[in-house]
Amino acid sequence: MPKVAIIEDDVSVRRAFRQLLGSAGFEAVDLPSVEAFMAIGDMAAYDCIITDLFMPGLTGFDLMERLHAQGSAPPIIVVTAFSTSANRERAHRLGAKAFFAKPIDDQALVDAINWSIESER
């Protein structure tokens, strides 16, 4: 069962994503911040990461920069309320496999996760 990290400061969004991914056959772990994710330490345990961009503390951009600097990271999917062309371009430059504006179509997110995991194999 593929394992997906959900990094999102909005508890209702985290809960909705966790339920969606669980029903789609993923093991979903939801975390309230980039700092909470980084504290876990074992990035290799995840097949995919879903992250918001703007949260208190470290941002989704900070996460992508840190993972990019480490040289290997699971695929990253960005889901944000701040869908600007500058944010989209920066996210893709930092290696995001997909970029979605909130609210997001559930099936599109599941499809993007599946595609991202498959493209890494």
# chains A, B, ... in the order shown; residues from 1 in each chain; ligands from 1
$ residues_around --residues "Asp10 of chain A" --least-positions-apart "2" --cutoff "10 Å" --atoms "only C-alpha atoms" --output "list of chain:residue names"
A:Ile7, A:Glu8, A:Ser12, A:Val13, A:Arg14, A:Arg15, A:Leu31, A:Pro32, A:Ser33, A:Asp52, A:Met55
$ residues_around --residues "Phe37 of chain A" --least-positions-apart "5" --cutoff "10 Å" --atoms "only C-alpha atoms" --output "PyMOL selection string"
chain A and resi 5-7+29-32+42-43+49+63
$ write_last_selection --atoms "C-alpha atoms" --output "PDB file, in the first residue's frame"
ATOM      1  CA  ALA A   5       2.328  12.311   3.637  1.00  0.00           C
ATOM      2  CA  ILE A   6      -0.193  15.148   3.772  1.00  0.00           C
ATOM      3  CA  ILE A   7       1.342  18.401   5.038  1.00  0.00           C
ATOM      4  CA  VAL A  29      -0.236  10.245   7.287  1.00  0.00           C
ATOM      5  CA  ASP A  30      -1.354  13.802   7.948  1.00  0.00           C
ATOM      6  CA  LEU A  31       0.887  16.415   9.532  1.00  0.00           C
ATOM      7  CA  PRO A  32       0.145  20.041  10.494  1.00  0.00           C
ATOM      8  CA  ASP A  42      12.556   9.019   7.330  1.00  0.00           C
ATOM      9  CA  MET A  43      11.659  10.572   3.966  1.00  0.00           C
ATOM     10  CA  ILE A  49       4.090  14.034  -0.421  1.00  0.00           C
ATOM     11  CA  LEU A  63      10.183  21.835   2.153  1.00  0.00           C
TER      12      LEU A  63
END
$ residues_around --residues "Phe82 of chain A" --least-positions-apart "5" --cutoff "10 Å" --atoms "only C-alpha atoms" --output "number ranges by chain"
A: 52-54, 87-88, 100-102
$ atom_distance --atom1 "atom CA of Gly25 of chain A" --atom2 "atom CA of Lys97 of chain A"
20.2 Å
$ atom_distance --atom1 "atom CA of Asn114 of chain A" --atom2 "atom CA of Leu58 of chain A"
26.6 Å
$ residues_around --residues "Ala73 of chain A" --least-positions-apart "6" --cutoff "12 Å" --atoms "only C-alpha atoms" --output "list in words"
Asp42, Met43, Ala44, Ala45, Tyr46, Asp47, Cys48, Ile49, Leu63, Met64, Glu65, Arg66, Leu67, Leu94, Gly95, Ala96, Lys97, Ser116, Ile117 and Glu120 of chain A
$ select_by_dssp --residues "chain A" --states "strand (DSSP E)" --output "NGL selection string"
:A and (3-7 or 27-31 or 48-51 or 76-80 or 96-101)
$ closest_residue --among "A:Glu89, A:Asp62, A:Asp106, A:Glu35" --to "Arg18 of chain A" --atoms "only C-alpha atoms"
A:Asp106
$ closest_residue --among "A:Ala69, A:Val78, A:Val4, A:Ile50" --to "Gly22 of chain A" --atoms "only C-alpha atoms"
A:Val4
$ atom_distance --atom1 "atom CA of Pro2 of chain A" --atom2 "atom CA of Pro103 of chain A"
23.8 Å
$ closest_residue --among "A:Ala36, A:Thr59, A:Pro75, A:Thr51" --to "Trp115 of chain A" --atoms "only C-alpha atoms"
A:Pro75
$ closest_residue --among "A:Leu109, A:Pro56, A:Val34, A:Ala81" --to "Phe17 of chain A" --atoms "only C-alpha atoms"
A:Leu109
